[in-house]
Every structure is written in C-alpha cells, then in structure tokens.
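Text of run32.cif (mmCIF, C-alpha atoms (C1' of nucleotides)) as supplied:
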```cif
data_start
loop_
_atom_site.label_atom_id
_atom_site.label_comp_id
_atom_site.auth_asym_id
_atom_site.auth_seq_id
_atom_site.Cartn_x
_atom_site.Cartn_y
_atom_site.Cartn_z
CA MET A 1 -44.54 -38.66 -57.56
CA THR A 2 -41.39 -37.07 -58.94
CA MET A 3 -40.69 -33.55 -57.98
CA GLN A 4 -41.37 -30.65 -60.26
CA GLU A 5 -37.99 -29.12 -61.04
CA LEU A 6 -37.56 -25.39 -60.93
CA ASP A 7 -37.68 -24.55 -64.60
CA SER A 8 -36.62 -20.96 -64.98
CA ILE A 9 -34.00 -19.65 -67.34
CA GLY A 10 -32.14 -17.84 -64.58
CA PHE A 11 -31.82 -20.91 -62.40
CA LEU A 12 -30.73 -22.98 -65.38
CA LEU A 13 -28.15 -20.42 -66.44
CA GLY A 14 -26.76 -20.17 -62.92
CA SER A 15 -26.43 -23.86 -62.28
CA THR A 16 -24.85 -24.50 -65.67
CA TYR A 17 -22.52 -21.55 -65.34
CA ARG A 18 -21.26 -22.71 -61.96
CA ARG A 19 -20.46 -26.19 -63.20
CA VAL A 20 -18.62 -24.94 -66.26
CA SER A 21 -16.80 -22.31 -64.25
CA ASN A 22 -15.78 -24.69 -61.48
CA MET A 23 -14.39 -27.13 -63.98
CA PHE A 24 -12.33 -24.41 -65.61
CA ALA A 25 -11.26 -23.09 -62.20
CA ALA A 26 -9.82 -26.50 -61.35
CA ARG A 27 -7.66 -26.40 -64.49
CA LEU A 28 -6.53 -22.87 -63.78
CA LYS A 29 -5.34 -23.75 -60.31
CA GLU A 30 -1.84 -24.57 -61.52
CA TYR A 31 -1.49 -20.97 -62.70
CA ASP A 32 -2.85 -19.50 -59.47
CA ILE A 33 -5.58 -17.53 -61.20
CA THR A 34 -9.39 -17.71 -61.19
CA PRO A 35 -11.68 -17.65 -64.23
CA GLU A 36 -12.82 -14.14 -63.33
CA GLN A 37 -9.28 -12.86 -62.91
CA TRP A 38 -8.44 -14.44 -66.23
CA GLY A 39 -11.34 -12.66 -67.90
CA ILE A 40 -10.06 -9.27 -66.79
CA LEU A 41 -6.45 -10.07 -67.61
CA TYR A 42 -7.54 -11.09 -71.08
CA TYR A 43 -9.06 -7.67 -71.76
CA VAL A 44 -6.14 -5.83 -70.21
CA CYS A 45 -3.92 -7.58 -72.77
CA ALA A 46 -6.38 -7.43 -75.66
CA GLN A 47 -6.25 -3.66 -75.63
CA GLU A 48 -3.60 -2.15 -73.45
CA GLY A 49 -4.20 1.16 -71.76
CA MET A 50 -7.92 0.95 -71.14
CA ASN A 51 -9.28 2.47 -67.96
CA GLN A 52 -11.30 0.61 -65.36
CA LYS A 53 -14.65 1.68 -66.70
CA GLU A 54 -13.89 0.46 -70.20
CA LEU A 55 -12.59 -2.83 -68.85
CA ALA A 56 -15.74 -3.25 -66.78
CA THR A 57 -17.89 -2.76 -69.85
CA TYR A 58 -16.05 -5.35 -71.89
CA ALA A 59 -15.97 -7.82 -69.03
CA TYR A 60 -19.68 -7.39 -68.25
CA LYS A 61 -18.88 -6.54 -64.65
CA ASP A 62 -19.63 -3.49 -62.56
CA GLN A 63 -16.91 -1.02 -61.70
CA PRO A 64 -16.28 -2.04 -58.08
CA THR A 65 -15.97 -5.70 -59.01
CA THR A 66 -13.62 -4.88 -61.85
CA ALA A 67 -11.54 -2.64 -59.61
CA ARG A 68 -11.19 -5.33 -56.98
CA ILE A 69 -10.14 -7.94 -59.51
CA LEU A 70 -7.63 -5.48 -60.94
CA ASP A 71 -6.26 -5.06 -57.41
CA VAL A 72 -5.66 -8.78 -57.21
CA LEU A 73 -3.94 -8.83 -60.59
CA HIS A 74 -1.81 -5.92 -59.44
CA ARG A 75 -0.86 -7.65 -56.21
CA LYS A 76 0.12 -10.68 -58.24
CA GLY A 77 2.39 -8.49 -60.35
CA LEU A 78 0.54 -9.17 -63.57
CA ILE A 79 -0.55 -5.63 -64.44
CA GLN A 80 0.34 -2.03 -63.73
CA LYS A 81 -1.66 1.18 -63.63
CA GLU A 82 -0.70 4.62 -64.84
CA ILE A 83 -2.52 7.84 -64.16
CA ASP A 84 -4.30 9.14 -67.23
CA ARG A 85 -2.66 12.51 -67.96
CA HIS A 86 -5.78 13.77 -69.66
CA ASP A 87 -8.11 12.76 -66.83
CA ARG A 88 -6.65 12.54 -63.40
CA ARG A 89 -9.68 10.69 -62.09
CA ALA A 90 -8.82 7.72 -64.26
CA PHE A 91 -5.88 5.42 -64.68
CA LEU A 92 -4.84 3.32 -67.61
CA VAL A 93 -4.13 -0.36 -67.18
CA TYR A 94 -1.28 -2.23 -68.81
CA PRO A 95 -0.10 -5.81 -68.52
CA ASN A 96 3.50 -6.30 -67.56
CA GLU A 97 5.67 -9.07 -68.88
CA ALA A 98 4.44 -11.69 -66.41
CA GLY A 99 0.87 -10.77 -67.28
CA ARG A 100 1.41 -11.17 -71.01
CA GLU A 101 3.05 -14.53 -70.55
CA LEU A 102 0.33 -15.80 -68.28
CA MET A 103 -2.29 -14.53 -70.70
CA LYS A 104 -0.86 -16.63 -73.52
CA LYS A 105 -0.60 -19.75 -71.42
CA VAL A 106 -4.11 -19.45 -70.04
CA HIS A 107 -5.53 -18.60 -73.43
CA ALA A 108 -4.23 -21.92 -74.70
CA LEU A 109 -5.64 -23.70 -71.68
CA GLU A 110 -8.98 -22.08 -72.26
CA ALA A 111 -9.08 -23.21 -75.88
CA GLN A 112 -8.48 -26.72 -74.60
CA HIS A 113 -11.24 -26.36 -72.06
CA ASN A 114 -13.68 -25.07 -74.67
CA GLU A 115 -12.87 -28.04 -76.86
CA GLU A 116 -13.69 -30.36 -74.01
CA MET A 117 -17.00 -28.60 -73.43
CA THR A 118 -17.73 -29.02 -77.13
CA LYS A 119 -17.12 -32.74 -76.82
CA LEU A 120 -19.85 -32.97 -74.20
CA ILE A 121 -22.49 -31.81 -76.62
CA THR A 122 -21.99 -31.61 -80.40
CA PRO A 123 -20.09 -28.72 -82.02
CA GLU A 124 -23.33 -27.72 -83.72
CA HIS A 125 -25.16 -27.60 -80.40
CA MET A 126 -22.34 -25.62 -78.83
CA GLU A 127 -22.48 -23.14 -81.66
CA GLN A 128 -26.25 -22.83 -81.28
CA LEU A 129 -25.94 -22.39 -77.55
CA SER A 130 -23.34 -19.69 -77.98
CA GLN A 131 -25.49 -17.81 -80.48
CA LEU A 132 -28.58 -18.00 -78.32
CA LEU A 133 -26.67 -16.73 -75.29
CA HIS A 134 -25.28 -13.83 -77.29
CA GLU A 135 -28.75 -13.07 -78.52
CA LEU A 136 -30.31 -13.08 -75.08
CA ARG A 137 -27.50 -11.15 -73.43
CA SER A 138 -27.54 -8.45 -76.09
CA ARG A 139 -31.18 -7.78 -75.32
CA LEU A 140 -30.66 -7.45 -71.59
CA GLU A 141 -29.61 -4.14 -70.19
CA PRO A 142 -26.80 -3.83 -67.71
CA SER A 143 -28.20 -3.47 -64.22
CA MET B 1 -9.06 -2.26 -84.98
CA THR B 2 -11.94 -3.67 -82.93
CA MET B 3 -11.10 -5.76 -79.97
CA GLN B 4 -11.31 -9.50 -79.99
CA GLU B 5 -14.00 -10.42 -77.49
CA LEU B 6 -13.42 -13.22 -75.05
CA ASP B 7 -15.40 -15.97 -76.66
CA SER B 8 -15.62 -18.79 -74.18
CA ILE B 9 -18.74 -20.58 -73.12
CA GLY B 10 -18.03 -20.02 -69.43
CA PHE B 11 -17.63 -16.28 -69.79
CA LEU B 12 -20.76 -16.09 -71.93
CA LEU B 13 -22.77 -18.14 -69.43
CA GLY B 14 -21.59 -16.02 -66.51
CA SER B 15 -22.29 -12.65 -68.08
CA THR B 16 -25.71 -13.73 -69.32
CA TYR B 17 -26.59 -15.33 -66.00
CA ARG B 18 -25.72 -12.21 -64.04
CA ARG B 19 -27.87 -9.97 -66.20
CA VAL B 20 -30.86 -12.29 -66.00
CA SER B 21 -30.39 -12.82 -62.29
CA ASN B 22 -29.97 -9.11 -61.50
CA MET B 23 -33.13 -8.30 -63.39
CA PHE B 24 -35.07 -10.91 -61.45
CA ALA B 25 -33.49 -9.78 -58.19
CA ALA B 26 -34.80 -6.26 -58.77
CA ARG B 27 -38.34 -7.62 -59.10
CA LEU B 28 -37.94 -9.76 -56.01
CA LYS B 29 -36.90 -6.83 -53.88
CA GLU B 30 -40.47 -6.07 -52.85
CA TYR B 31 -40.65 -9.52 -51.24
CA ASP B 32 -37.31 -9.16 -49.47
CA ILE B 33 -35.89 -12.32 -50.97
CA THR B 34 -33.05 -13.05 -53.42
CA PRO B 35 -33.17 -15.34 -56.45
CA GLU B 36 -30.98 -17.88 -54.66
CA GLN B 37 -33.12 -17.86 -51.53
CA TRP B 38 -36.14 -18.28 -53.74
CA GLY B 39 -34.57 -21.30 -55.43
CA ILE B 40 -34.08 -23.06 -52.11
CA LEU B 41 -37.51 -22.07 -50.79
CA TYR B 42 -39.06 -23.48 -53.94
CA TYR B 43 -37.56 -26.92 -53.31
CA VAL B 44 -38.40 -26.85 -49.62
CA CYS B 45 -42.04 -26.41 -50.64
CA ALA B 46 -41.94 -28.70 -53.68
CA GLN B 47 -41.18 -31.64 -51.44
CA GLU B 48 -41.51 -31.01 -47.76
CA GLY B 49 -39.28 -32.82 -45.32
CA MET B 50 -36.13 -33.16 -47.37
CA ASN B 51 -32.81 -32.86 -45.61
CA GLN B 52 -30.10 -30.38 -46.48
CA LYS B 53 -28.13 -32.74 -48.66
CA GLU B 54 -31.14 -33.57 -50.81
CA LEU B 55 -32.02 -29.91 -51.13
CA ALA B 56 -28.47 -29.12 -52.16
CA THR B 57 -28.61 -31.72 -54.90
CA TYR B 58 -31.84 -30.39 -56.35
CA ALA B 59 -30.69 -26.80 -56.14
CA TYR B 60 -27.31 -27.55 -57.74
CA LYS B 61 -25.52 -26.02 -54.80
CA ASP B 62 -22.97 -27.41 -52.39
CA GLN B 63 -23.92 -28.26 -48.82
CA PRO B 64 -22.40 -25.27 -47.02
CA THR B 65 -24.01 -22.82 -49.44
CA THR B 66 -27.36 -24.55 -49.09
CA ALA B 67 -27.06 -24.59 -45.31
CA ARG B 68 -26.33 -20.88 -45.15
CA ILE B 69 -29.24 -19.99 -47.40
CA LEU B 70 -31.46 -22.22 -45.25
CA ASP B 71 -30.24 -20.24 -42.23
CA VAL B 72 -31.40 -17.04 -43.86
CA LEU B 73 -34.80 -18.52 -44.70
CA HIS B 74 -35.05 -19.71 -41.11
CA ARG B 75 -34.17 -16.28 -39.71
CA LYS B 76 -36.84 -14.80 -41.95
CA GLY B 77 -39.36 -17.23 -40.49
CA LEU B 78 -40.10 -18.93 -43.78
CA ILE B 79 -39.02 -22.47 -42.91
CA GLN B 80 -38.48 -24.73 -39.94
CA LYS B 81 -36.19 -27.68 -39.28
CA GLU B 82 -36.90 -30.89 -37.43
CA ILE B 83 -34.43 -33.49 -36.32
CA ASP B 84 -34.67 -36.67 -38.38
CA ARG B 85 -35.64 -39.39 -35.90
CA HIS B 86 -34.03 -42.05 -38.05
CA ASP B 87 -30.74 -40.21 -38.46
CA ARG B 88 -29.77 -37.81 -35.74
CA ARG B 89 -27.08 -36.24 -37.94
CA ALA B 90 -29.72 -34.90 -40.28
CA PHE B 91 -32.70 -32.62 -40.02
CA LEU B 92 -35.76 -32.34 -42.21
CA VAL B 93 -36.83 -29.02 -43.62
CA TYR B 94 -40.42 -27.81 -43.83
CA PRO B 95 -41.92 -24.53 -44.97
CA ASN B 96 -44.15 -22.79 -42.50
CA GLU B 97 -47.23 -20.84 -43.46
CA ALA B 98 -45.37 -17.63 -44.33
CA GLY B 99 -43.00 -19.66 -46.50
CA ARG B 100 -45.78 -21.33 -48.42
CA GLU B 101 -47.50 -18.05 -49.07
CA LEU B 102 -44.33 -16.36 -50.23
CA MET B 103 -43.56 -19.33 -52.45
CA LYS B 104 -46.85 -18.95 -54.31
CA LYS B 105 -46.45 -15.21 -54.77
CA VAL B 106 -42.89 -15.47 -55.99
CA HIS B 107 -43.70 -18.40 -58.24
CA ALA B 108 -46.21 -16.20 -60.03
CA LEU B 109 -43.69 -13.38 -60.25
CA GLU B 110 -41.16 -15.77 -61.70
CA ALA B 111 -43.56 -16.96 -64.37
CA GLN B 112 -44.02 -13.32 -65.31
CA HIS B 113 -40.29 -12.78 -65.43
CA ASN B 114 -39.78 -15.85 -67.61
CA GLU B 115 -42.41 -14.57 -70.01
CA GLU B 116 -40.57 -11.30 -70.29
CA MET B 117 -37.32 -13.12 -71.01
CA THR B 118 -39.13 -15.08 -73.70
CA LYS B 119 -40.26 -11.84 -75.29
CA LEU B 120 -36.65 -10.77 -75.68
CA ILE B 121 -35.91 -13.68 -77.96
CA THR B 122 -38.56 -15.88 -79.58
CA PRO B 123 -40.35 -18.64 -77.64
CA GLU B 124 -38.72 -21.14 -80.00
CA HIS B 125 -35.27 -19.77 -79.26
CA MET B 126 -35.97 -19.77 -75.55
CA GLU B 127 -37.03 -23.39 -75.75
CA GLN B 128 -33.90 -24.28 -77.69
CA LEU B 129 -31.72 -22.41 -75.21
CA SER B 130 -33.34 -24.21 -72.32
CA GLN B 131 -32.83 -27.60 -73.92
CA LEU B 132 -29.21 -26.91 -74.77
CA LEU B 133 -28.48 -25.75 -71.22
CA HIS B 134 -30.13 -28.86 -69.79
CA GLU B 135 -28.09 -30.96 -72.16
CA LEU B 136 -24.78 -29.35 -71.27
CA ARG B 137 -25.47 -29.28 -67.54
CA SER B 138 -26.45 -32.93 -67.47
CA ARG B 139 -23.08 -33.86 -68.92
CA LEU B 140 -21.09 -31.87 -66.39
CA GLU B 141 -20.24 -33.45 -63.10
CA PRO B 142 -20.78 -31.63 -59.85
CA SER B 143 -17.49 -30.24 -58.59
"C1'" DT C 1 -15.71 32.83 -63.49
"C1'" DA C 2 -18.77 30.47 -60.10
"C1'" DA C 3 -21.95 27.08 -59.36
"C1'" DT C 4 -23.94 22.95 -60.86
"C1'" DT C 5 -23.86 18.50 -62.83
"C1'" DA C 6 -21.65 14.43 -64.42
"C1'" DT C 7 -18.16 10.97 -64.16
"C1'" DA C 8 -13.98 7.64 -62.63
"C1'" DA C 9 -12.82 5.42 -58.96
"C1'" DT C 10 -13.23 3.83 -54.06
"C1'" DT C 11 -15.31 2.09 -49.86
"C1'" DG C 12 -18.64 -0.37 -46.99
"C1'" DC C 13 -21.98 -3.79 -46.32
"C1'" DA C 14 -24.47 -7.99 -47.40
"C1'" DT C 15 -25.02 -12.23 -50.26
"C1'" DT C 16 -23.52 -16.30 -52.73
"C1'" DA C 17 -20.02 -19.47 -53.54
"C1'" DA C 18 -15.95 -23.03 -53.42
"C1'" DC C 19 -13.09 -25.60 -50.83
"C1'" DA C 20 -10.88 -27.62 -46.86
"C1'" DA C 21 -11.03 -28.99 -42.19
"C1'" DC C 22 -13.80 -30.45 -38.58
"C1'" DT C 23 -17.63 -32.82 -35.42
"C1'" DA C 24 -21.01 -36.10 -34.54
"C1'" DA C 25 -23.59 -39.91 -35.87
"C1'" DT C 26 -24.23 -43.98 -38.75
"C1'" DT C 27 -22.78 -48.01 -41.37
"C1'" DA C 28 -19.45 -51.49 -42.61
"C1'" DT C 29 -15.94 -54.69 -41.45
"C1'" DC C 30 -13.16 -57.50 -38.74
"C1'" DG D 1 -19.09 -55.91 -30.16
"C1'" DA D 2 -15.01 -52.99 -31.29
"C1'" DT D 3 -12.78 -50.55 -34.83
"C1'" DA D 4 -12.71 -48.32 -39.22
"C1'" DA D 5 -14.87 -45.96 -42.85
"C1'" DT D 6 -18.55 -43.18 -44.41
"C1'" DT D 7 -21.85 -39.56 -44.17
"C1'" DA D 8 -24.78 -35.09 -42.61
"C1'" DG D 9 -23.90 -31.02 -41.19
"C1'" DT D 10 -20.91 -26.95 -39.60
"C1'" DT D 11 -17.22 -23.57 -39.56
"C1'" DG D 12 -13.44 -20.74 -41.47
"C1'" DT D 13 -11.22 -18.57 -45.24
"C1'" DT D 14 -11.12 -16.43 -49.60
"C1'" DA D 15 -13.30 -14.68 -53.83
"C1'" DA D 16 -16.83 -12.48 -56.74
"C1'" DT D 17 -20.82 -9.73 -56.78
"C1'" DG D 18 -24.56 -5.87 -56.30
"C1'" DC D 19 -25.81 -1.78 -54.62
"C1'" DA D 20 -25.47 2.54 -52.25
"C1'" DA D 21 -22.75 6.23 -50.64
"C1'" DT D 22 -18.55 8.91 -51.00
"C1'" DT D 23 -14.42 11.47 -53.01
"C1'" DA D 24 -11.96 13.77 -56.47
"C1'" DT D 25 -11.84 15.56 -60.88
"C1'" DA D 26 -13.91 17.13 -65.20
"C1'" DA D 27 -17.46 19.18 -67.96
"C1'" DT D 28 -21.39 22.14 -68.31
"C1'" DT D 29 -24.04 26.07 -67.63
"C1'" DA D 30 -25.69 30.17 -65.51
#
```

Give the structure from the file, written as structure tokens.
Amino acid sequence: MTMQELDSIGFLLGSTYRRVSNMFAARLKEYDITPEQWGILYYVCAQEGMNQKELATYAYKDQPTTARILDVLHRKGLIQKEIDRHDRRAFLVYPNEAGRELMKKVHALEAQHNEEMTKLITPEHMEQLSQLLHELRSRLEPS
Amino acid sequence: MTMQELDSIGFLLGSTYRRVSNMFAARLKEYDITPEQWGILYYVCAQEGMNQKELATYAYKDQPTTARILDVLHRKGLIQKEIDRHDRRAFLVYPNEAGRELMKKVHALEAQHNEEMTKLITPEHMEQLSQLLHELRSRLEPS
DNA sequence: TAATTATAATTGCATTAACAACTAATTATC
DNA sequence: GATAATTAGTTGTTAATGCAATTATAATTA
C-alpha cells in the first residue's frame, strides 16, 4: 500500500516555493543577499521614494516584515531613509549607489534563474503556471 | 508611469503561498494547530511508525525543521515516539488517540478550505495549477 | 479648538526554515 | 575485528513571517 499524499493546494504551493526559493538563494549567496531582501530592494529601486507601507503592499508582505528587511538593507548600506516632510510618521526609502548596482546585477541573475526554471517545464507550462498563480493570488485577500 | 512588478516565479509562488497559508491558518486557530504542524501530523497518521527522516521526505521539509515540529506535536500530546529496536539512532513516530482525532477533524476542515480555494478560480484551473506545481516540484532537487 | 479616530511605523513573542556543526550508532572496508 | 565512512538525530545561529500591542503623528469630527 502506497501512502496517500497530502494533496492540498497550500501544501503544494509551500513545498514548491521552498525548493524554488532555496535554489535561487544558493545563487544569490555570492552577492550576500537573500531572495526576500532582493524582492524589497527591487521595489525600492523600481520606484524610489516610496514609504514602508507602499513597499509592503507591492512586496506582498506585512509592514513589520518589510520594515525588518529594510533594516537589513540599510545595515548593508544598500538603501537610505528620509523623513517624509509631509508626514512625519513616515519615511521615504531610496536606494544608494551600491543598492542600484546590486539591483542590476541581481536582476540579471534572476532572469537567468527564471530561464533555468523554464527549462525544467516547458515555456508554455511556465506561462500557464504564472497566469494561474496571478489569478489565484488576485482573488485572495491580504491577511 | 505604473511600476514594473517583480515577475519571477519564486516571488509569485511565495506571495501566493503566504496568502493561502494564512487563510488556512486562521481557520485552524480553533484547533490550536498551524498548517505546518498539520502537514506533519497528517503523515504521522497516514503511515504510523515512520522515523523522522522518512517523515521529512514526505513533508518536503529538512530534518531539523521536521524534528522541531514533531517536538511541538509531542508537547501537545498528539504523537509519541518509540526507539527503533533495529536502529538505536532512530525512533518511530506514532499518533496517539488525541492525534488521530485531531487529524480527522482537520482533514475535513482542509477539504472545506480546498473547496473554497477552488471556488476562487474554476475547478479546471485549480486542477491545472495543481498539475503544473507537481510537475515543477518534481523536477527540482531538494536543497 | 478639543477630543476622537485613523494611520505609519515599531516592538515583542512565537513559528517555520536553512544551513552548518556536532553526537551517537550503524555499515563498509581493510 | 579494527578503522573509516555513512547515517539518524540534535543543537545553534540567522532569517522571514504573523499577529497583537504600542507610540507618534495626522485627519476627522463634535
């Protein structure tokens, strides 16, 4: 008797995510950055001067998680924060030169990594997968 | 100018996974168990008497993570461990009565949750998504 | 204007996770 | 049978996460 595998979408998403993420993490090691840190850095560079809340929304993370990842990026000298003159509760986040450079390098590495993923299944399947994930995610509310 | 979203499969998997998982976690709260603890408990019950390494393989987790989740389940009185007579390095894991009962209840809850997910997209799309995830995961090596 | 409500960010606590280093027991090899 | 290599499990460190509670500021409303 073979065992009945746990067949739930959440379990499947989690286990697949971890494998993809770990593989990417291994590649990123040479740049001393994690996939999650990279995700935030990307958005900091994609639109400079966003505040933490906006970054959290784009990155699909909650505010404390985003703040803590921003702290790491700050410690690493990749970004800087400036107080928002119009709202002293908030600060605006900017990449500095090291951050912009790293962003470009890692962006290229990521493109490479995505290509490799696409070689594992067909490009058509990868496109389908991507669309289905977008579809599902868009219908789920943030917790 | 709208921002260019980070369009990588890993980011998409992670953000979708977290939303699905958080939603399920909220439902599980009444049973005082997390989705990850549930995943391990499921396999403990699906085939009683496996050791930690086997459980880790089925659950797509590494050994330390599996061990720590087993510790939690043990503290909660849901499982028990017995030394493997044929290999004194290993122990075999069994559910106890409370574990079996909780497993059944949560399994039903999970079926409900999966149905709800399937209502968000179509059943056909959910089936496609599931197949594509299985396909991708099967081609990724464990880290 | 004063009091209330809402919001941006922070802090604390608990969970899951990856990875490396370690211990103890088993298996393989000489 | 002794030594070496492998394997099951544990421990320590660091990171990402969720959620709840808190602080400071801003916006609303009485």

**Request:** Identify all chain A residues at most 7 Å from chain B by counting all atoms listed in the file; ligands do not count. Present them as a VMD selection string.
**Result:** chain A and resid 3 to 4 8 to 10 12 to 17 19 to 23 46 to 47 60 114 120 to 121 125 129 to 130 132 to 133 136 to 137 139 to 140 142 to 143

**Asked** the PyMOL selection byres ((chain C) within 10 of (chain B)) on the file shown: which residues, as an MDAnalysis selection string?
**Response** chainID C and resid 15:18 24:26

For the contact check between chain D and chain B, emit one row per residue of chain D within 9 Å, containing the shortest atom pair and the distance in Å rounded to one decimal, counting only C-alpha atoms (C1' of nucleotides), chain then rising number order, as CSV.
```
residue,atom,partner,partner_atom,distance
D:DT7,C1',B:Arg89,CA,8.8
D:DA8,C1',B:Arg89,CA,5.3
D:DG9,C1',B:Arg89,CA,6.9
D:DT10,C1',B:Pro64,CA,7.8
D:DG18,C1',B:Asn22,CA,8.2
```

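Taking CA of Cys45 (chain B) as the reference point, CA of Met103 (chain B) is found at 7.5 Å.
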
**Asked** Mind telling me what the PyMOL selection byres ((chain B and resi 96) around 7) catches here, as a list in words?
**Response**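 That selection, the PyMOL selection byres ((chain B and resi 96) around 7), comes back as Leu78, Ile79, Gln80, Tyr94, Pro95, Glu97, Ala98, Gly99 and Arg100 of chain B.
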
**Asked** What is the CA of Met50 (chain A) to C1' of DA9 (chain C) distance in Å?
**Response**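 We find that CA of Met50 (chain A) and C1' of DA9 (chain C) lie 13.9 Å from each other.
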
**Message:** Rounded to one decimal, what separation in Å do you get between CA of Val106 (chain B) and CA of Thr57 (chain B)?
**Reply:**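 Atom-to-atom, CA of Val106 (chain B) to CA of Thr57 (chain B), that is 21.7 Å.
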
**Request:** Tell me which residues the PyMOL selection byres ((chain D and resi 23) around 12) grabs here, as a PyMOL selection string.
**Result:** (chain A and resi 89) or (chain C and resi 7-11) or (chain D and resi 21-22+24-25)

Could you please take those selected residues and save C-alpha atoms (C1' of nucleotides) as a compact mmCIF listing (two decimals), keeping the file's coordinate frame?
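Result file is part-v8.txt:
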```txt
# COMPACT_ATOMS: atom_id res chain seq x y z
CA ARG A 89 -9.68 10.69 -62.09
C1' DT C 7 -18.16 10.97 -64.16
C1' DA C 8 -13.98 7.64 -62.63
C1' DA C 9 -12.82 5.42 -58.96
C1' DT C 10 -13.23 3.83 -54.06
C1' DT C 11 -15.31 2.09 -49.86
C1' DA D 21 -22.75 6.23 -50.64
C1' DT D 22 -18.55 8.91 -51.00
C1' DA D 24 -11.96 13.77 -56.47
C1' DT D 25 -11.84 15.56 -60.88
```

**Item:** Residue nearest Asp32 (chain A) among A:Leu70, A:Leu55, A:Leu102, A:Leu92 (counting all atoms listed in the file)
**Value:**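 For Asp32 (chain A), the nearest of the candidates is A:Leu102.
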